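Asker: My questions all concern the structure below.
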Amino acid sequence: MKTRPFTAILGCFLMYVGLGTLHMFGNITPYLTSYLRERVNNNMTYEKTSWIIYTSESVMSFIFIGVWLAGRIGQKPTIVIGTVIFSFGIAGTYWTIQHSLEATIASLGVVSNLGFICCFGLPLHVAMEWFPNNRGLLAGLVASGAAFTPVLMNNLHTYFMNPNNVQPHTDGYFYDPNILDRVPTLFLIMGALQGGILFIGLLLYNKPPSEIPKVEQVYLNTACIVFF
(Lines give C-alpha, C1' and ligand atoms only; values in the text may rest on other atoms or scores of the structure.)
Protein backbone atom coordinates (compact mmCIF):
# COMPACT_ATOMS: atom_id res chain seq x y z
CA MET A 1 0.00 0.00 0.00
CA LYS A 2 2.89 2.35 0.78
CA THR A 3 4.27 1.98 -2.74
CA ARG A 4 0.91 2.39 -4.46
CA PRO A 5 1.10 6.20 -4.74
CA PHE A 6 4.55 5.99 -6.31
CA THR A 7 3.60 3.27 -8.80
CA ALA A 8 0.56 5.35 -9.75
CA ILE A 9 2.78 8.40 -10.30
CA LEU A 10 5.15 6.29 -12.40
CA GLY A 11 2.18 5.13 -14.46
CA CYS A 12 1.08 8.73 -15.04
CA PHE A 13 4.64 9.69 -16.01
CA LEU A 14 4.90 6.80 -18.48
CA MET A 15 1.63 7.77 -20.08
CA TYR A 16 3.04 11.20 -20.85
CA VAL A 17 6.17 9.57 -22.23
CA GLY A 18 3.90 7.59 -24.54
CA LEU A 19 2.06 10.74 -25.62
CA GLY A 20 5.16 12.79 -26.41
CA THR A 21 5.30 12.12 -30.15
CA LEU A 22 4.51 15.74 -30.99
CA HIS A 23 7.95 16.71 -29.72
CA MET A 24 9.63 14.24 -32.09
CA PHE A 25 8.24 15.71 -35.29
CA GLY A 26 11.33 17.83 -35.90
CA ASN A 27 13.52 14.73 -35.94
CA ILE A 28 11.12 12.73 -38.10
CA THR A 29 10.13 15.31 -40.69
CA PRO A 30 13.36 15.22 -42.79
CA TYR A 31 12.81 11.51 -43.41
CA LEU A 32 9.05 11.79 -43.80
CA THR A 33 9.30 14.70 -46.24
CA SER A 34 12.12 13.09 -48.20
CA TYR A 35 10.10 9.89 -48.56
CA LEU A 36 7.03 11.71 -49.83
CA ARG A 37 9.18 13.78 -52.20
CA GLU A 38 11.05 10.85 -53.69
CA ARG A 39 8.43 8.11 -53.63
CA VAL A 40 5.05 9.88 -53.82
CA ASN A 41 5.20 13.47 -55.10
CA ASN A 42 8.30 15.14 -56.53
CA ASN A 43 6.90 18.56 -55.62
CA MET A 44 6.77 17.81 -51.90
CA THR A 45 8.43 20.37 -49.61
CA TYR A 46 8.90 20.96 -45.91
CA GLU A 47 6.36 23.77 -46.11
CA LYS A 48 3.74 21.28 -47.29
CA THR A 49 4.47 18.60 -44.71
CA SER A 50 4.33 21.23 -41.96
CA TRP A 51 0.55 20.91 -42.36
CA ILE A 52 0.85 17.72 -40.33
CA ILE A 53 1.90 19.68 -37.26
CA TYR A 54 -0.64 22.44 -37.93
CA THR A 55 -3.39 19.83 -38.12
CA SER A 56 -2.15 18.15 -34.94
CA GLU A 57 -2.35 21.39 -33.01
CA SER A 58 -5.81 22.12 -34.39
CA VAL A 59 -7.13 18.72 -33.29
CA MET A 60 -5.60 19.20 -29.84
CA SER A 61 -7.70 22.31 -29.36
CA PHE A 62 -10.64 19.91 -28.93
CA ILE A 63 -9.09 18.46 -25.78
CA PHE A 64 -12.42 18.87 -23.96
CA ILE A 65 -13.68 15.80 -25.86
CA GLY A 66 -11.52 13.54 -23.70
CA VAL A 67 -12.81 15.28 -20.58
CA TRP A 68 -16.40 14.87 -21.72
CA LEU A 69 -15.90 11.19 -22.53
CA ALA A 70 -14.19 10.44 -19.21
CA GLY A 71 -17.11 11.98 -17.36
CA ARG A 72 -19.46 9.49 -19.03
CA ILE A 73 -17.62 6.19 -19.32
CA GLY A 74 -14.81 6.63 -16.77
CA GLN A 75 -11.14 7.53 -16.94
CA LYS A 76 -9.59 4.14 -17.65
CA PRO A 77 -11.99 3.22 -20.48
CA THR A 78 -11.38 6.64 -22.00
CA ILE A 79 -7.62 6.17 -21.80
CA VAL A 80 -7.86 2.67 -23.29
CA ILE A 81 -9.88 4.01 -26.22
CA GLY A 82 -7.46 6.91 -26.62
CA THR A 83 -4.42 4.64 -26.54
CA VAL A 84 -5.83 2.36 -29.24
CA ILE A 85 -6.75 5.29 -31.49
CA PHE A 86 -3.42 7.03 -30.84
CA SER A 87 -1.35 3.94 -31.64
CA PHE A 88 -3.47 3.07 -34.67
CA GLY A 89 -3.03 6.58 -36.09
CA ILE A 90 0.75 6.42 -35.80
CA ALA A 91 1.10 2.83 -37.02
CA GLY A 92 -1.40 3.46 -39.81
CA THR A 93 0.99 6.02 -41.26
CA TYR A 94 2.94 3.00 -42.53
CA TRP A 95 0.27 2.76 -45.25
CA THR A 96 -0.85 6.38 -45.63
CA ILE A 97 2.64 7.75 -46.24
CA GLN A 98 2.92 5.45 -49.25
CA HIS A 99 -0.11 7.11 -50.87
CA SER A 100 -0.25 10.86 -50.28
CA LEU A 101 0.39 13.79 -47.99
CA GLU A 102 -3.35 14.14 -47.40
CA ALA A 103 -3.62 10.55 -46.19
CA THR A 104 -0.58 11.08 -43.96
CA ILE A 105 -2.17 14.18 -42.46
CA ALA A 106 -5.33 12.15 -41.80
CA SER A 107 -3.51 9.39 -39.90
CA LEU A 108 -0.66 11.23 -38.19
CA GLY A 109 -2.29 14.63 -37.81
CA VAL A 110 -5.93 13.75 -37.13
CA VAL A 111 -6.45 10.13 -36.01
CA SER A 112 -3.45 9.88 -33.66
CA ASN A 113 -4.34 13.19 -32.03
CA LEU A 114 -7.95 12.18 -31.49
CA GLY A 115 -6.44 9.45 -29.33
CA PHE A 116 -4.11 11.98 -27.73
CA ILE A 117 -6.94 14.21 -26.52
CA CYS A 118 -8.66 11.22 -24.91
CA CYS A 119 -5.60 10.60 -22.72
CA PHE A 120 -3.85 13.88 -22.11
CA GLY A 121 -5.40 15.63 -19.11
CA LEU A 122 -6.45 12.72 -16.92
CA PRO A 123 -3.12 11.29 -15.65
CA LEU A 124 -1.90 14.69 -14.49
CA HIS A 125 -4.99 15.29 -12.36
CA VAL A 126 -4.78 11.84 -10.76
CA ALA A 127 -1.10 12.34 -9.94
CA MET A 128 -1.91 15.56 -8.11
CA GLU A 129 -4.71 13.85 -6.19
CA TRP A 130 -2.22 11.38 -4.71
CA PHE A 131 -0.14 14.23 -3.29
CA PRO A 132 -2.53 17.17 -2.79
CA ASN A 133 0.03 19.16 -0.81
CA ASN A 134 2.56 19.01 -3.64
CA ARG A 135 0.40 19.57 -6.69
CA GLY A 136 2.85 21.87 -8.46
CA LEU A 137 5.75 19.46 -8.00
CA LEU A 138 3.71 16.50 -9.21
CA ALA A 139 2.35 18.42 -12.18
CA GLY A 140 5.86 19.31 -13.32
CA LEU A 141 7.23 15.84 -12.67
CA VAL A 142 4.51 13.96 -14.51
CA ALA A 143 4.22 16.40 -17.42
CA SER A 144 7.99 16.19 -17.94
CA GLY A 145 7.37 12.71 -19.33
CA ALA A 146 6.32 14.29 -22.63
CA ALA A 147 9.59 16.25 -22.74
CA PHE A 148 11.53 13.07 -21.97
CA THR A 149 10.09 11.30 -25.02
CA PRO A 150 12.37 12.92 -27.63
CA VAL A 151 15.40 12.44 -25.37
CA LEU A 152 14.67 8.71 -25.33
CA MET A 153 13.21 8.14 -28.77
CA ASN A 154 15.02 10.48 -31.15
CA ASN A 155 18.28 8.58 -30.82
CA LEU A 156 16.47 5.28 -31.34
CA HIS A 157 14.74 6.62 -34.42
CA THR A 158 18.00 7.94 -35.84
CA TYR A 159 19.76 4.66 -35.12
CA PHE A 160 17.06 2.79 -37.02
CA MET A 161 16.64 5.25 -39.87
CA ASN A 162 20.17 6.48 -40.40
CA PRO A 163 22.70 4.36 -38.49
CA ASN A 164 25.58 5.54 -40.69
CA ASN A 165 24.75 9.21 -40.16
CA VAL A 166 24.30 9.85 -43.87
CA GLN A 167 23.86 13.57 -44.47
CA PRO A 168 21.00 14.95 -46.56
CA HIS A 169 21.64 16.28 -50.05
CA THR A 170 22.50 19.95 -50.46
CA ASP A 171 18.80 20.70 -51.03
CA GLY A 172 18.00 19.37 -47.55
CA TYR A 173 16.39 16.07 -48.58
CA PHE A 174 17.48 12.44 -48.31
CA TYR A 175 17.69 10.35 -51.47
CA ASP A 176 19.47 7.26 -50.15
CA PRO A 177 17.13 4.34 -50.97
CA ASN A 178 18.24 2.41 -47.88
CA ILE A 179 17.05 5.26 -45.67
CA LEU A 180 13.83 5.86 -47.58
CA ASP A 181 12.92 2.17 -47.50
CA ARG A 182 12.85 2.32 -43.70
CA VAL A 183 10.53 5.32 -43.39
CA PRO A 184 7.14 3.51 -43.44
CA THR A 185 8.40 0.87 -41.02
CA LEU A 186 9.45 3.61 -38.60
CA PHE A 187 5.78 4.42 -38.00
CA LEU A 188 4.94 0.80 -37.23
CA ILE A 189 7.74 0.81 -34.66
CA MET A 190 6.60 4.14 -33.23
CA GLY A 191 3.00 2.99 -32.92
CA ALA A 192 4.05 -0.19 -31.13
CA LEU A 193 6.52 1.54 -28.80
CA GLN A 194 4.36 4.52 -27.89
CA GLY A 195 1.26 2.37 -27.48
CA GLY A 196 3.18 -0.15 -25.38
CA ILE A 197 4.46 2.57 -23.06
CA LEU A 198 0.93 3.95 -22.70
CA PHE A 199 -0.49 0.53 -21.80
CA ILE A 200 2.24 -0.08 -19.22
CA GLY A 201 1.44 3.29 -17.71
CA LEU A 202 -2.25 2.40 -17.71
CA LEU A 203 -1.57 -0.81 -15.79
CA LEU A 204 0.08 1.26 -13.04
CA TYR A 205 -2.51 4.04 -13.20
CA ASN A 206 -4.80 4.20 -10.18
CA LYS A 207 -6.86 6.88 -8.52
CA PRO A 208 -6.51 7.41 -4.75
CA PRO A 209 -8.98 5.13 -2.96
CA SER A 210 -10.50 8.00 -1.00
CA GLU A 211 -10.78 10.39 -3.91
CA ILE A 212 -13.99 12.38 -4.01
CA PRO A 213 -15.39 12.67 -7.55
CA LYS A 214 -14.57 16.02 -9.11
CA VAL A 215 -16.56 17.99 -11.63
CA GLU A 216 -15.43 17.84 -15.25
CA GLN A 217 -14.25 21.44 -15.22
CA VAL A 218 -11.37 20.47 -12.91
CA TYR A 219 -10.08 18.01 -15.50
CA LEU A 220 -10.49 20.54 -18.26
CA ASN A 221 -8.58 23.21 -16.35
CA THR A 222 -5.79 20.78 -15.54
CA ALA A 223 -5.44 19.68 -19.16
CA CYS A 224 -5.47 23.23 -20.50
CA ILE A 225 -2.83 24.44 -18.03
CA VAL A 226 -0.31 21.80 -19.14
CA PHE A 227 -1.17 21.90 -22.84
CA PHE A 228 -0.94 25.65 -23.23
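Chain lettering (A, B, ...) mirrors the order of the C-alpha coordinates, residue numbering begins at 1 for each chain separately, and ligand numbering begins at 1 in order of display.
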Give the helix (DSSP H, G or I) residues of chain A, as DSSP finds them on the backbone, and put them as a VMD selection string.
Answerer: chain A and resid 4 to 18 20 to 40 46 to 49 51 to 60 64 to 73 75 to 91 93 to 96 101 to 119 121 to 130 132 to 161 177 to 204 216 to 227
Asker: Applying 9 Å and only C-alpha atoms, which residues near Ile28 of chain A remain after dropping the ones on its own chain fewer than 3 positions away? List them as an MDAnalysis selection string.
Answerer: chainID A and resid 24:25 31:33 154 157:158
Asker: Please provide as a PyMOL selection string all residues within 10 Å of segment 100-106 of chain A, with the sequence filter that same-chain residues fewer than 2 positions apart are discarded (counting only C-alpha atoms).
Answerer: chain A and resi 32-33+36-37+39-41+44+48-56+89-90+92-98+108-113
Asker: Between A:Ile117, A:Leu22, A:Met161, A:Met128, which residue has the minimum interatomic distance to Val142 of chain A, considering only C-alpha atoms?
Answerer: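 Once distances to Val142 of chain A are computed over only C-alpha atoms, the minimum belongs to A:Met128.
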Asker: When you count only C-alpha atoms, which of these residues is closest to Asn165 of chain A: A:Ala8, A:Leu124, A:Ile179, A:Leu152?
Answerer: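 Of A:Ala8, A:Leu124, A:Ile179, A:Leu152, the one nearest Asn165 of chain A is A:Ile179, counting only C-alpha atoms.
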Asker: Residues near Pro208 of chain A, anyone? I mean within 12 Å using only C-alpha atoms, not counting same-chain ones fewer than 4 positions away, as a PyMOL selection string.
Answerer: chain A and resi 1+4-9+125-132+212-213
Asker: Residues as selected, N, CA, C and O atoms, written as a PDB file, in the first residue's frame, can you do that?
Answerer:
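Written out: out06.pdb:
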ATOM      1  N   MET A   1       0.825  -1.201   0.000  1.00  0.00           N
ATOM      2  CA  MET A   1       0.000   0.000   0.000  1.00  0.00           C
ATOM      3  C   MET A   1       0.863   1.256   0.000  1.00  0.00           C
ATOM      4  O   MET A   1       0.537   2.263  -0.622  1.00  0.00           O
ATOM      5  N   ARG A   4       1.958   2.166  -3.467  1.00  0.00           N
ATOM      6  CA  ARG A   4       0.913   2.393  -4.461  1.00  0.00           C
ATOM      7  C   ARG A   4       0.904   3.815  -5.024  1.00  0.00           C
ATOM      8  O   ARG A   4       0.762   3.991  -6.239  1.00  0.00           O
ATOM      9  N   PRO A   5       1.060   4.846  -4.175  1.00  0.00           N
ATOM     10  CA  PRO A   5       1.097   6.201  -4.744  1.00  0.00           C
ATOM     11  C   PRO A   5       2.228   6.393  -5.743  1.00  0.00           C
ATOM     12  O   PRO A   5       2.070   7.064  -6.762  1.00  0.00           O
ATOM     13  N   PHE A   6       3.382   5.787  -5.461  1.00  0.00           N
ATOM     14  CA  PHE A   6       4.548   5.985  -6.315  1.00  0.00           C
ATOM     15  C   PHE A   6       4.427   5.205  -7.623  1.00  0.00           C
ATOM     16  O   PHE A   6       4.859   5.675  -8.681  1.00  0.00           O
ATOM     17  N   THR A   7       3.830   4.011  -7.554  1.00  0.00           N
ATOM     18  CA  THR A   7       3.603   3.275  -8.802  1.00  0.00           C
ATOM     19  C   THR A   7       2.561   3.986  -9.658  1.00  0.00           C
ATOM     20  O   THR A   7       2.656   3.995 -10.892  1.00  0.00           O
ATOM     21  N   ALA A   8       1.574   4.602  -9.005  1.00  0.00           N
ATOM     22  CA  ALA A   8       0.563   5.355  -9.749  1.00  0.00           C
ATOM     23  C   ALA A   8       1.190   6.566 -10.435  1.00  0.00           C
ATOM     24  O   ALA A   8       0.883   6.870 -11.590  1.00  0.00           O
ATOM     25  N   ILE A   9       2.088   7.247  -9.717  1.00  0.00           N
ATOM     26  CA  ILE A   9       2.778   8.404 -10.302  1.00  0.00           C
ATOM     27  C   ILE A   9       3.643   7.959 -11.473  1.00  0.00           C
ATOM     28  O   ILE A   9       3.711   8.617 -12.516  1.00  0.00           O
ATOM     29  N   HIS A 125      -4.070  15.006 -13.474  1.00  0.00           N
ATOM     30  CA  HIS A 125      -4.986  15.288 -12.363  1.00  0.00           C
ATOM     31  C   HIS A 125      -4.897  14.207 -11.293  1.00  0.00           C
ATOM     32  O   HIS A 125      -4.882  14.495 -10.095  1.00  0.00           O
ATOM     33  N   VAL A 126      -4.854  12.944 -11.716  1.00  0.00           N
ATOM     34  CA  VAL A 126      -4.781  11.838 -10.761  1.00  0.00           C
ATOM     35  C   VAL A 126      -3.481  11.893  -9.971  1.00  0.00           C
ATOM     36  O   VAL A 126      -3.466  11.659  -8.755  1.00  0.00           O
ATOM     37  N   ALA A 127      -2.385  12.222 -10.643  1.00  0.00           N
ATOM     38  CA  ALA A 127      -1.099  12.335  -9.943  1.00  0.00           C
ATOM     39  C   ALA A 127      -1.170  13.386  -8.836  1.00  0.00           C
ATOM     40  O   ALA A 127      -0.669  13.174  -7.723  1.00  0.00           O
ATOM     41  N   MET A 128      -1.802  14.507  -9.119  1.00  0.00           N
ATOM     42  CA  MET A 128      -1.907  15.562  -8.112  1.00  0.00           C
ATOM     43  C   MET A 128      -2.829  15.167  -6.968  1.00  0.00           C
ATOM     44  O   MET A 128      -2.658  15.610  -5.840  1.00  0.00           O
ATOM     45  N   GLU A 129      -3.812  14.306  -7.240  1.00  0.00           N
ATOM     46  CA  GLU A 129      -4.709  13.850  -6.186  1.00  0.00           C
ATOM     47  C   GLU A 129      -3.995  12.949  -5.179  1.00  0.00           C
ATOM     48  O   GLU A 129      -4.365  12.900  -4.010  1.00  0.00           O
ATOM     49  N   TRP A 130      -2.974  12.230  -5.630  1.00  0.00           N
ATOM     50  CA  TRP A 130      -2.222  11.379  -4.707  1.00  0.00           C
ATOM     51  C   TRP A 130      -1.425  12.212  -3.709  1.00  0.00           C
ATOM     52  O   TRP A 130      -1.215  11.800  -2.569  1.00  0.00           O
ATOM     53  N   PHE A 131      -0.946  13.368  -4.154  1.00  0.00           N
ATOM     54  CA  PHE A 131      -0.144  14.231  -3.286  1.00  0.00           C
ATOM     55  C   PHE A 131      -0.708  15.654  -3.335  1.00  0.00           C
ATOM     56  O   PHE A 131      -0.121  16.545  -3.959  1.00  0.00           O
ATOM     57  N   PRO A 132      -1.849  15.879  -2.677  1.00  0.00           N
ATOM     58  CA  PRO A 132      -2.534  17.174  -2.792  1.00  0.00           C
ATOM     59  C   PRO A 132      -1.737  18.345  -2.234  1.00  0.00           C
ATOM     60  O   PRO A 132      -2.006  19.490  -2.602  1.00  0.00           O
ATOM     61  N   ILE A 212     -12.619  11.921  -3.821  1.00  0.00           N
ATOM     62  CA  ILE A 212     -13.985  12.383  -4.010  1.00  0.00           C
ATOM     63  C   ILE A 212     -14.153  12.773  -5.468  1.00  0.00           C
ATOM     64  O   ILE A 212     -13.329  13.502  -6.007  1.00  0.00           O
ATOM     65  N   PRO A 213     -15.207  12.307  -6.130  1.00  0.00           N
ATOM     66  CA  PRO A 213     -15.393  12.667  -7.552  1.00  0.00           C
ATOM     67  C   PRO A 213     -15.380  14.169  -7.759  1.00  0.00           C
ATOM     68  O   PRO A 213     -15.995  14.922  -7.020  1.00  0.00           O
TER      69      PRO A 213
END
Asker: Could you check which of A:Gly195, A:Gly20, A:Pro168, A:Pro123 is closest to Ile81 of chain A, using only C-alpha atoms?
Answerer: A:Gly195
Asker: Considering only C-alpha atoms, return as a ChimeraX atom specification whatever protein or nucleic-acid residues lie within 10 Å of Ala91 of chain A, sequence-local ones (same chain, fewer than 4 positions apart) excluded.
Answerer: /A:85-87,95-96,107-108,112,184-195
Asker: Choose the residue, out of A:Phe160, A:Phe116, A:Phe62, A:Tyr46, that has the smallest atom-to-atom separation from Thr78 of chain A; count only C-alpha atoms.
Answerer: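 Distance minimum relative to Thr78 of chain A lands on A:Phe116.
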Asker: Mind pulling up the distance from atom CA of Gly201 of chain A to atom CA of Met15 of chain A?
Answerer: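 Those two atoms sit 5.1 Å apart.
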